[in-house]
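Only one structure is covered here, and it is reproduced in the block below.
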Amino acid sequence: MSRYKKSQYARQEELIRTSDIFTGDRGGGKFRGYSYPFILENGMNNLYGPIRDGVIRYFKENRIAWWGGYKPSGHTLSSQIACLNHLFAIMHDKDAVLAMLNGVRDEFEEVLPIPCDSAPQYIGFEVISDNDHLNEKRLTRGTNCTSVDALMYAVHRGDKKRWLIPIEWKYTEHYATRDMSFEDREGETKGCNGRGKERVRRYSAITDASAQLKSLGCYYGSAYYQEPFYQLMRQTLWVENIISHCKDERLKADDYMHIHVIPNENRTLLDKKYRSTGKGMEETWRSMLCDQSKYIVIDPKALFAPVADKYSRLAAYLQERYW
């Protein structure tokens with residue numbers, strides 16, 4: 001376990017013992033059949049108090065699956081919960097969302113409502129495409145297909161074009177070396193590599209056609225099939241194909257910027273050296289990209305900074321809980 005993850009376990013357990021941030025929930029809930037002090041008994045208490053009812057309503061109205069089940073996770077290190085706790089409270093505030101986006105890169109004049117939600121607002125969560133452009137067959141928000149943790153939709157100040165801004169959110173995640181292009185299906189003979197072949201078959205031709213991802217002669221063993229790059233690869237293809245098929249999508253855009261939210265302290269994720277480059281996470285992923293300006297890595301506190309004064313109560317919660 002990484003040093004950062006250990007520190008965050010300790011932080012959450014201390015909050016459970018000494019703070020009322022979890023509304024009196026004293027932990028000891030179950031995760032995969034076992035009780036842990038950092039698992040809340042009621043996953044609702046994992047959410048920032050003022051957003052709880054709104055989050056449940058949003059997930060129900062938009063038919064979004066929760067990570068790991070049918071309700072908010074009680075796992076205090078859930079990145080899905082962390083993303084919602086940082087962004088959900090400002091989703092209806094057009095000026096705040098614009099300020100946050102321009103804090104990442106000051107290029108946008110307006111943010112637009114997310115048209116694929118039942119009651120459109122300025123940040124969407126677990127967003128998917130209307131049509132299957134990635135050979136994934138099933139499109140369900142939050143599970144079994146490529147989605148983005150959060151999405152903004154904006155008008156560029158210079159050329160007035162519409163941009164999609166997909167956001168991938170990390171908290172304590174870090175990844176062992178695992179080549180997802182060489183994996184067996186459950187129950188098949190070891191070494192058949194059925195699951196790996198299916199992944200490469202599904203995405204390689206689309207990757208070859210990408211303007212952003214570098215084409216490779218052979219995709220087996222490449223960075224594209226190691227995490228977190230496997231997620232980033234699919235999200236890049238997702239946004240490119242929504243743009244190229246915009247006539248068939250409610251999300252109609254001309255360009256995009258991919259934001260990767262990672263705590264600066266999560267050095268196990270950021271500094272891991274990958275075999276393909278011998279370099280860390282960001283450098284390795286950038287080596288696979290054609291246009292470096294389309295990929296931004298930012299710390300969650302830095303992302304929230306432009307709206308921290310306006311949302312001071314939420315900022316105090318996030319400081320105590322995460323920062």
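We name chains A, B, ... following the order of the structure tokens; residues begin at 1 in each chain, and ligands are numbered from 1 as shown.
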
Practice task
For Cys145 (chain A), please output as JSON, numbers by chain all residues within 8 Å (counting only C-alpha atoms; exclusion window: fewer than 5 positions along the same chain).
Solution key: {"A": [128, 136, 138, 139, 140]}

Return as CSV the residues of region 163-238 of chain A lying at most 12 Å from region 265-271 of chain A, together with the closest atom-to-atom pair for each and the distance in Å to one decimal, counting only C-alpha atoms, with rows in chain order and ascending residue number.
```
residue,atom,partner,partner_atom,distance
A:Lys170,CA,A:Asn266,CA,9.2
A:Tyr171,CA,A:Asn266,CA,7.7
A:Thr172,CA,A:Asn266,CA,6.5
A:Glu173,CA,A:Leu269,CA,6.8
A:His174,CA,A:Leu269,CA,4.7
A:Tyr175,CA,A:Leu269,CA,7.0
A:Ala176,CA,A:Leu269,CA,9.7
A:Thr177,CA,A:Leu269,CA,11.6
A:Glu227,CA,A:Leu269,CA,10.0
A:Pro228,CA,A:Leu269,CA,8.8
A:Phe229,CA,A:Leu269,CA,11.6
```

Save the residues we just selected, N, CA, C and O atoms, as a PDB file, in the first residue's frame?
```
ATOM      1  N   LYS A 170      -9.015  11.098  -9.825  1.00  0.00           N
ATOM      2  CA  LYS A 170      -8.285  10.127  -9.010  1.00  0.00           C
ATOM      3  C   LYS A 170      -8.150  10.660  -7.585  1.00  0.00           C
ATOM      4  O   LYS A 170      -8.068  11.870  -7.359  1.00  0.00           O
ATOM      5  N   TYR A 171      -8.096   9.720  -6.649  1.00  0.00           N
ATOM      6  CA  TYR A 171      -7.866  10.088  -5.256  1.00  0.00           C
ATOM      7  C   TYR A 171      -6.626   9.327  -4.761  1.00  0.00           C
ATOM      8  O   TYR A 171      -5.514   9.803  -4.936  1.00  0.00           O
ATOM      9  N   THR A 172      -6.783   8.147  -4.220  1.00  0.00           N
ATOM     10  CA  THR A 172      -5.623   7.391  -3.729  1.00  0.00           C
ATOM     11  C   THR A 172      -5.201   6.280  -4.689  1.00  0.00           C
ATOM     12  O   THR A 172      -4.303   5.498  -4.370  1.00  0.00           O
ATOM     13  N   GLU A 173      -5.825   6.197  -5.850  1.00  0.00           N
ATOM     14  CA  GLU A 173      -5.526   5.099  -6.779  1.00  0.00           C
ATOM     15  C   GLU A 173      -4.043   5.067  -7.164  1.00  0.00           C
ATOM     16  O   GLU A 173      -3.403   6.108  -7.344  1.00  0.00           O
ATOM     17  N   HIS A 174      -3.536   3.880  -7.277  1.00  0.00           N
ATOM     18  CA  HIS A 174      -2.260   3.632  -7.933  1.00  0.00           C
ATOM     19  C   HIS A 174      -2.359   2.217  -8.490  1.00  0.00           C
ATOM     20  O   HIS A 174      -3.213   1.430  -8.074  1.00  0.00           O
ATOM     21  N   TYR A 175      -1.513   1.877  -9.459  1.00  0.00           N
ATOM     22  CA  TYR A 175      -1.734   0.656 -10.218  1.00  0.00           C
ATOM     23  C   TYR A 175      -0.468  -0.185 -10.307  1.00  0.00           C
ATOM     24  O   TYR A 175       0.614   0.332 -10.614  1.00  0.00           O
ATOM     25  N   ALA A 176      -0.647  -1.469 -10.033  1.00  0.00           N
ATOM     26  CA  ALA A 176       0.438  -2.415 -10.291  1.00  0.00           C
ATOM     27  C   ALA A 176       0.579  -2.599 -11.797  1.00  0.00           C
ATOM     28  O   ALA A 176      -0.339  -2.291 -12.568  1.00  0.00           O
ATOM     29  N   THR A 177       1.730  -3.075 -12.218  1.00  0.00           N
ATOM     30  CA  THR A 177       1.926  -3.332 -13.651  1.00  0.00           C
ATOM     31  C   THR A 177       1.031  -4.492 -14.062  1.00  0.00           C
ATOM     32  O   THR A 177       1.161  -5.606 -13.577  1.00  0.00           O
ATOM     33  N   GLU A 227      -3.069   0.496 -16.860  1.00  0.00           N
ATOM     34  CA  GLU A 227      -3.713   1.597 -16.162  1.00  0.00           C
ATOM     35  C   GLU A 227      -2.674   2.563 -15.596  1.00  0.00           C
ATOM     36  O   GLU A 227      -1.578   2.134 -15.240  1.00  0.00           O
ATOM     37  N   PRO A 228      -2.987   3.866 -15.527  1.00  0.00           N
ATOM     38  CA  PRO A 228      -4.284   4.477 -15.828  1.00  0.00           C
ATOM     39  C   PRO A 228      -4.486   4.833 -17.298  1.00  0.00           C
ATOM     40  O   PRO A 228      -5.471   5.460 -17.667  1.00  0.00           O
ATOM     41  N   PHE A 229      -3.550   4.418 -18.164  1.00  0.00           N
ATOM     42  CA  PHE A 229      -3.605   4.826 -19.568  1.00  0.00           C
ATOM     43  C   PHE A 229      -4.745   4.165 -20.330  1.00  0.00           C
ATOM     44  O   PHE A 229      -5.255   4.746 -21.287  1.00  0.00           O
TER      45      PHE A 229
END
```

Handout entry: Top pick for closest residue to Gln80 (chain A), considering A:Thr236, A:Gly221, A:Phe125, A:Pro115 and counting only C-alpha atoms
Key = A:Phe125

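Minimum atom-to-atom distances from A:Phe182, A:Tyr256, A:Glu41, A:Thr207 to Arg195 (chain A) were compared using only C-alpha atoms, and the lowest value belongs to A:Phe182.
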
Practice task
Could you tell me which of A:Asp255, A:Glu107, A:Glu186, A:Glu320 comes closest to Asp20 (chain A) if we count only C-alpha atoms?
Solution key: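 Answer, going by the shortest atom-to-atom distance: A:Glu320.
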
Practice task
For region 62-77 of chain A, please output as a PyMOL selection string all residues within 10 Å (counting only C-alpha atoms; exclusion window: fewer than 3 positions along the same chain).
Solution key: chain A and resi 5+8-9+11-13+16+22+27-32+36-47+52+55-59+80-82+116-119+125-127+140-144+170-173+321-322

Exercise for the section: Name the closest residue to Gln235 (chain A) among the candidates A:Pro50, A:Pro166, A:Gly194, A:Gly278; distances are taken between atoms, counting only C-alpha atoms. Expected result: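 Residue with the minimum atom-to-atom distance to Gln235 (chain A): A:Pro166.
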
Exercise for the section: From a DSSP pass on the backbone, collect the residues of region 85-301 of chain A flagged as strand (DSSP E) and hand them back as an NGL selection string. Expected result: :A and (108-111 or 124-127 or 148-156 or 162-169 or 255-256 or 258-261 or 295-298)

Fill in the blank from the handout: The distance between CA of Met91 (chain A) and CA of Ile123 (chain A) is 4.9 Å

Problem - helix (DSSP H, G or I) per DSSP on the backbone: members of region 156-317 of chain A, as an NGL selection string - result: :A and (194-208 or 223-225 or 229-244 or 246-248 or 267-270 or 281-286 or 292-294 or 300-307 or 312-317)

Problem - Proximity to Asp106 (chain A) - best of A:Ser78, A:Leu216, A:Pro306, A:Tyr224, only C-alpha atoms - result: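 Looking only at the distances to Asp106 (chain A), the closest residue turns out to be A:Pro306.
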
Exercise for the section: Find the distance between CA of Asp299 (chain A) and CA of Thr23 (chain A) and write it in Å to one decimal. Expected result: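 Atom-to-atom, CA of Asp299 (chain A) to CA of Thr23 (chain A), that is 27.1 Å.
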
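Note that the spacing between CA of Ser210 (chain A) and CA of Leu289 (chain A) amounts to 10.0 Å.
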
Exercise for the section: May I have the residues within 7 Å of Leu112 (chain A) as a PyMOL selection string, using only C-alpha atoms and disregarding those fewer than 6 positions away in the same chain? Expected result: chain A and resi 122+153-154

Take the residues just selected and output them with N, CA, C and O atoms as a compact mmCIF listing (two decimals), in the first residue's frame.
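Wrote it out as out_8.txt, contents follow:
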```txt
# COMPACT_ATOMS: atom_id res chain seq x y z
N TYR A 122 -24.50 22.59 -15.53
CA TYR A 122 -23.22 22.93 -16.15
C TYR A 122 -22.08 21.95 -15.86
O TYR A 122 -20.98 22.14 -16.36
N TYR A 153 -18.94 21.68 -20.58
CA TYR A 153 -19.27 21.94 -21.99
C TYR A 153 -19.19 23.45 -22.15
O TYR A 153 -19.89 24.19 -21.46
N ALA A 154 -18.32 23.93 -23.04
CA ALA A 154 -18.01 25.36 -23.03
C ALA A 154 -17.82 25.93 -24.43
O ALA A 154 -17.60 25.19 -25.39
```

Problem - Shell around Trp285 (chain A) at 10 Å using only C-alpha atoms, local window under 4 positions removed, as a list in words - result: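 So the residues in contact are Leu213, Ala223, Tyr224, Pro228, Phe229, Leu232, Met233, Tyr274, Thr277, Lys279, Gly280, Met281, Leu289, Gln292 and Tyr295 of chain A.
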
For the residues in the current selection, export all heavy atoms as a CSV table (one decimal), in the first residue's frame.
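Everything below was put into result.csv:
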```
chain,number,residue,atom,x,y,z
A,213,LEU,N,-4.1,10.2,-30.4
A,213,LEU,CA,-3.3,9.1,-29.9
A,213,LEU,C,-2.4,8.6,-31.0
A,213,LEU,O,-2.8,8.4,-32.2
A,213,LEU,CB,-4.2,7.9,-29.5
A,213,LEU,CG,-5.3,8.2,-28.4
A,213,LEU,CD1,-6.1,7.0,-28.1
A,213,LEU,CD2,-4.6,8.7,-27.2
A,223,ALA,N,1.5,0.9,-23.7
A,223,ALA,CA,1.0,1.7,-22.6
A,223,ALA,C,-0.5,1.8,-22.6
A,223,ALA,O,-1.1,1.9,-21.6
A,223,ALA,CB,1.7,3.0,-22.6
A,224,TYR,N,-1.1,1.7,-23.8
A,224,TYR,CA,-2.5,1.9,-23.9
A,224,TYR,C,-3.3,0.8,-23.1
A,224,TYR,O,-4.4,1.1,-22.7
A,224,TYR,CB,-3.0,1.8,-25.4
A,224,TYR,CG,-2.5,3.0,-26.2
A,224,TYR,CD1,-2.0,2.7,-27.5
A,224,TYR,CD2,-2.7,4.3,-25.8
A,224,TYR,CE1,-1.6,3.8,-28.3
A,224,TYR,CE2,-2.3,5.3,-26.6
A,224,TYR,CZ,-1.8,5.1,-27.9
A,224,TYR,OH,-1.4,6.1,-28.7
A,228,PRO,N,-3.0,3.9,-15.5
A,228,PRO,CA,-4.3,4.5,-15.8
A,228,PRO,C,-4.5,4.8,-17.3
A,228,PRO,O,-5.5,5.5,-17.7
A,228,PRO,CB,-4.2,5.8,-15.0
A,228,PRO,CG,-2.8,6.2,-15.1
A,228,PRO,CD,-2.0,4.9,-15.0
A,229,PHE,N,-3.6,4.4,-18.2
A,229,PHE,CA,-3.6,4.8,-19.6
A,229,PHE,C,-4.7,4.2,-20.3
A,229,PHE,O,-5.3,4.7,-21.3
A,229,PHE,CB,-2.3,4.5,-20.2
A,229,PHE,CG,-1.1,5.0,-19.4
A,229,PHE,CD1,-0.1,4.1,-19.1
A,229,PHE,CD2,-1.0,6.3,-19.0
A,229,PHE,CE1,1.0,4.6,-18.3
A,229,PHE,CE2,0.1,6.8,-18.3
A,229,PHE,CZ,1.1,5.9,-17.9
A,232,LEU,N,-7.5,6.5,-19.9
A,232,LEU,CA,-7.3,7.7,-20.6
A,232,LEU,C,-7.4,7.5,-22.1
A,232,LEU,O,-7.9,8.4,-22.9
A,232,LEU,CB,-5.9,8.3,-20.3
A,232,LEU,CG,-5.7,8.7,-18.8
A,232,LEU,CD1,-4.3,9.1,-18.6
A,232,LEU,CD2,-6.7,9.8,-18.4
A,233,MET,N,-6.9,6.4,-22.6
A,233,MET,CA,-7.1,6.0,-24.0
A,233,MET,C,-8.5,6.0,-24.5
A,233,MET,O,-8.9,6.6,-25.5
A,233,MET,CB,-6.3,4.7,-24.3
A,233,MET,CG,-6.5,4.2,-25.7
A,233,MET,SD,-7.9,3.0,-25.9
A,233,MET,CE,-7.2,1.5,-25.2
A,274,TYR,N,7.2,3.5,-15.9
A,274,TYR,CA,6.6,2.6,-16.8
A,274,TYR,C,7.6,2.0,-17.7
A,274,TYR,O,8.5,2.7,-18.2
A,274,TYR,CB,5.4,3.2,-17.5
A,274,TYR,CG,4.2,3.4,-16.6
A,274,TYR,CD1,4.1,4.6,-15.9
A,274,TYR,CD2,3.2,2.5,-16.5
A,274,TYR,CE1,3.1,4.8,-15.0
A,274,TYR,CE2,2.2,2.6,-15.7
A,274,TYR,CZ,2.1,3.8,-14.9
A,274,TYR,OH,1.0,4.0,-14.1
A,277,THR,N,8.5,3.6,-21.2
A,277,THR,CA,9.3,4.9,-21.3
A,277,THR,C,10.4,5.0,-20.3
A,277,THR,O,11.3,5.8,-20.4
A,277,THR,CB,8.3,6.1,-21.2
A,277,THR,OG1,7.7,6.0,-19.9
A,277,THR,CG2,7.2,6.0,-22.2
A,279,LYS,N,9.7,6.4,-17.6
A,279,LYS,CA,9.3,7.7,-17.0
A,279,LYS,C,8.0,7.6,-16.2
A,279,LYS,O,7.4,6.6,-16.2
A,279,LYS,CB,9.2,8.8,-18.1
A,279,LYS,CG,10.4,9.0,-18.9
A,279,LYS,CD,10.2,10.0,-20.0
A,279,LYS,CE,11.5,10.2,-20.8
A,279,LYS,NZ,11.4,11.2,-21.9
A,280,GLY,N,7.7,8.7,-15.5
A,280,GLY,CA,6.5,8.7,-14.7
A,280,GLY,C,5.2,8.7,-15.5
A,280,GLY,O,5.2,8.7,-16.7
A,281,MET,N,4.1,8.8,-14.7
A,281,MET,CA,2.8,8.7,-15.3
A,281,MET,C,2.5,9.8,-16.4
A,281,MET,O,2.1,9.5,-17.5
A,281,MET,CB,1.7,8.7,-14.3
A,281,MET,CG,0.3,8.4,-14.8
A,281,MET,SD,-1.0,9.5,-14.0
A,281,MET,CE,-0.8,11.0,-14.9
A,289,LEU,N,0.7,11.1,-26.9
A,289,LEU,CA,-0.2,12.1,-27.4
A,289,LEU,C,0.4,12.9,-28.5
A,289,LEU,O,1.6,13.3,-28.4
A,289,LEU,CB,-0.7,13.0,-26.3
A,289,LEU,CG,-1.4,12.3,-25.1
A,289,LEU,CD1,-1.8,13.3,-24.1
A,289,LEU,CD2,-2.6,11.5,-25.5
A,292,GLN,N,-0.2,18.1,-27.0
A,292,GLN,CA,0.0,18.2,-25.6
A,292,GLN,C,-1.0,19.1,-24.9
A,292,GLN,O,-1.3,18.9,-23.7
A,292,GLN,CB,1.4,18.6,-25.2
A,292,GLN,CG,2.5,17.7,-25.8
A,292,GLN,CD,2.4,16.2,-25.3
A,292,GLN,OE1,2.1,16.0,-24.1
A,292,GLN,NE2,2.6,15.2,-26.2
A,295,TYR,N,-4.3,17.8,-22.9
A,295,TYR,CA,-4.2,17.0,-21.7
A,295,TYR,C,-3.7,17.9,-20.6
A,295,TYR,O,-2.6,18.4,-20.7
A,295,TYR,CB,-3.4,15.8,-21.9
A,295,TYR,CG,-3.2,14.9,-20.7
A,295,TYR,CD1,-4.2,14.3,-20.1
A,295,TYR,CD2,-1.9,14.8,-20.2
A,295,TYR,CE1,-4.0,13.5,-19.0
A,295,TYR,CE2,-1.7,14.0,-19.0
A,295,TYR,CZ,-2.7,13.3,-18.4
A,295,TYR,OH,-2.5,12.6,-17.3
```

Practice task
Extract, using only C-alpha atoms, all DNA, RNA and protein residues at most 9 Å from Leu314 (chain A), discarding same-chain residues fewer than 5 positions from it, and format them as an MDAnalysis selection string.
Solution key: chainID A and resid 48 85:86 89 308 319

Please produce an output containing C-alpha atoms for each residue in the selection, written as a PDB file, in the first residue's frame.
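Result file is part_34.pdb:
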```
ATOM      1  CA  TYR A  48     -21.094  16.390   1.679  1.00  0.00           C
ATOM      2  CA  ASN A  85     -18.027  16.143  -3.118  1.00  0.00           C
ATOM      3  CA  HIS A  86     -15.828  18.608  -5.022  1.00  0.00           C
ATOM      4  CA  ALA A  89     -22.577  21.659  -5.256  1.00  0.00           C
ATOM      5  CA  ALA A 308     -13.153  28.582  -2.828  1.00  0.00           C
ATOM      6  CA  GLN A 319      -9.920  20.996   3.414  1.00  0.00           C
TER       7      GLN A 319
END
```

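With only C-alpha atoms as the atoms that count, the minimum distance from Leu164 (chain A) to the choices A:Glu240, A:Asp132, A:Glu109, A:Glu14 is reached by A:Glu240.
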
Once you count only C-alpha atoms, what closest atom pair and distance in Å to one decimal does each residue of region 125-195 of chain A within 12 Å of region 241-245 of chain A have, with rows by chain and rising residue number, as a Markdown table?
```
| residue | atom | partner | partner_atom | distance |
| --- | --- | --- | --- | --- |
| A:Val127 | CA | A:Ile242 | CA | 11.7 |
| A:Ile128 | CA | A:Ile242 | CA | 9.6 |
| A:Ser129 | CA | A:Ile242 | CA | 6.7 |
| A:Asp130 | CA | A:Ile242 | CA | 8.6 |
| A:Asn131 | CA | A:Ile242 | CA | 8.6 |
| A:Asp132 | CA | A:Asn241 | CA | 9.5 |
| A:His133 | CA | A:Asn241 | CA | 6.4 |
| A:Leu134 | CA | A:Asn241 | CA | 8.3 |
| A:Asn135 | CA | A:Asn241 | CA | 11.7 |
| A:Thr146 | CA | A:Asn241 | CA | 11.9 |
| A:Ser147 | CA | A:Ile242 | CA | 11.8 |
| A:Lys161 | CA | A:Ile243 | CA | 11.7 |
| A:Arg162 | CA | A:Ile243 | CA | 9.9 |
| A:Trp163 | CA | A:Ile243 | CA | 9.1 |
| A:Leu164 | CA | A:Ile243 | CA | 8.6 |
| A:Ile165 | CA | A:Ile243 | CA | 11.8 |
| A:Pro166 | CA | A:Ile242 | CA | 11.6 |
```

Problem - Residues within 9 Å of Ile259 (chain A), only C-alpha atoms, excluding chain neighbours under 6 positions, as a list in words - result: Val104, Ile165, Pro166, Ile167, Glu168, Trp169, Lys294, Tyr295, Ile296, Val297 and Ile298 of chain A
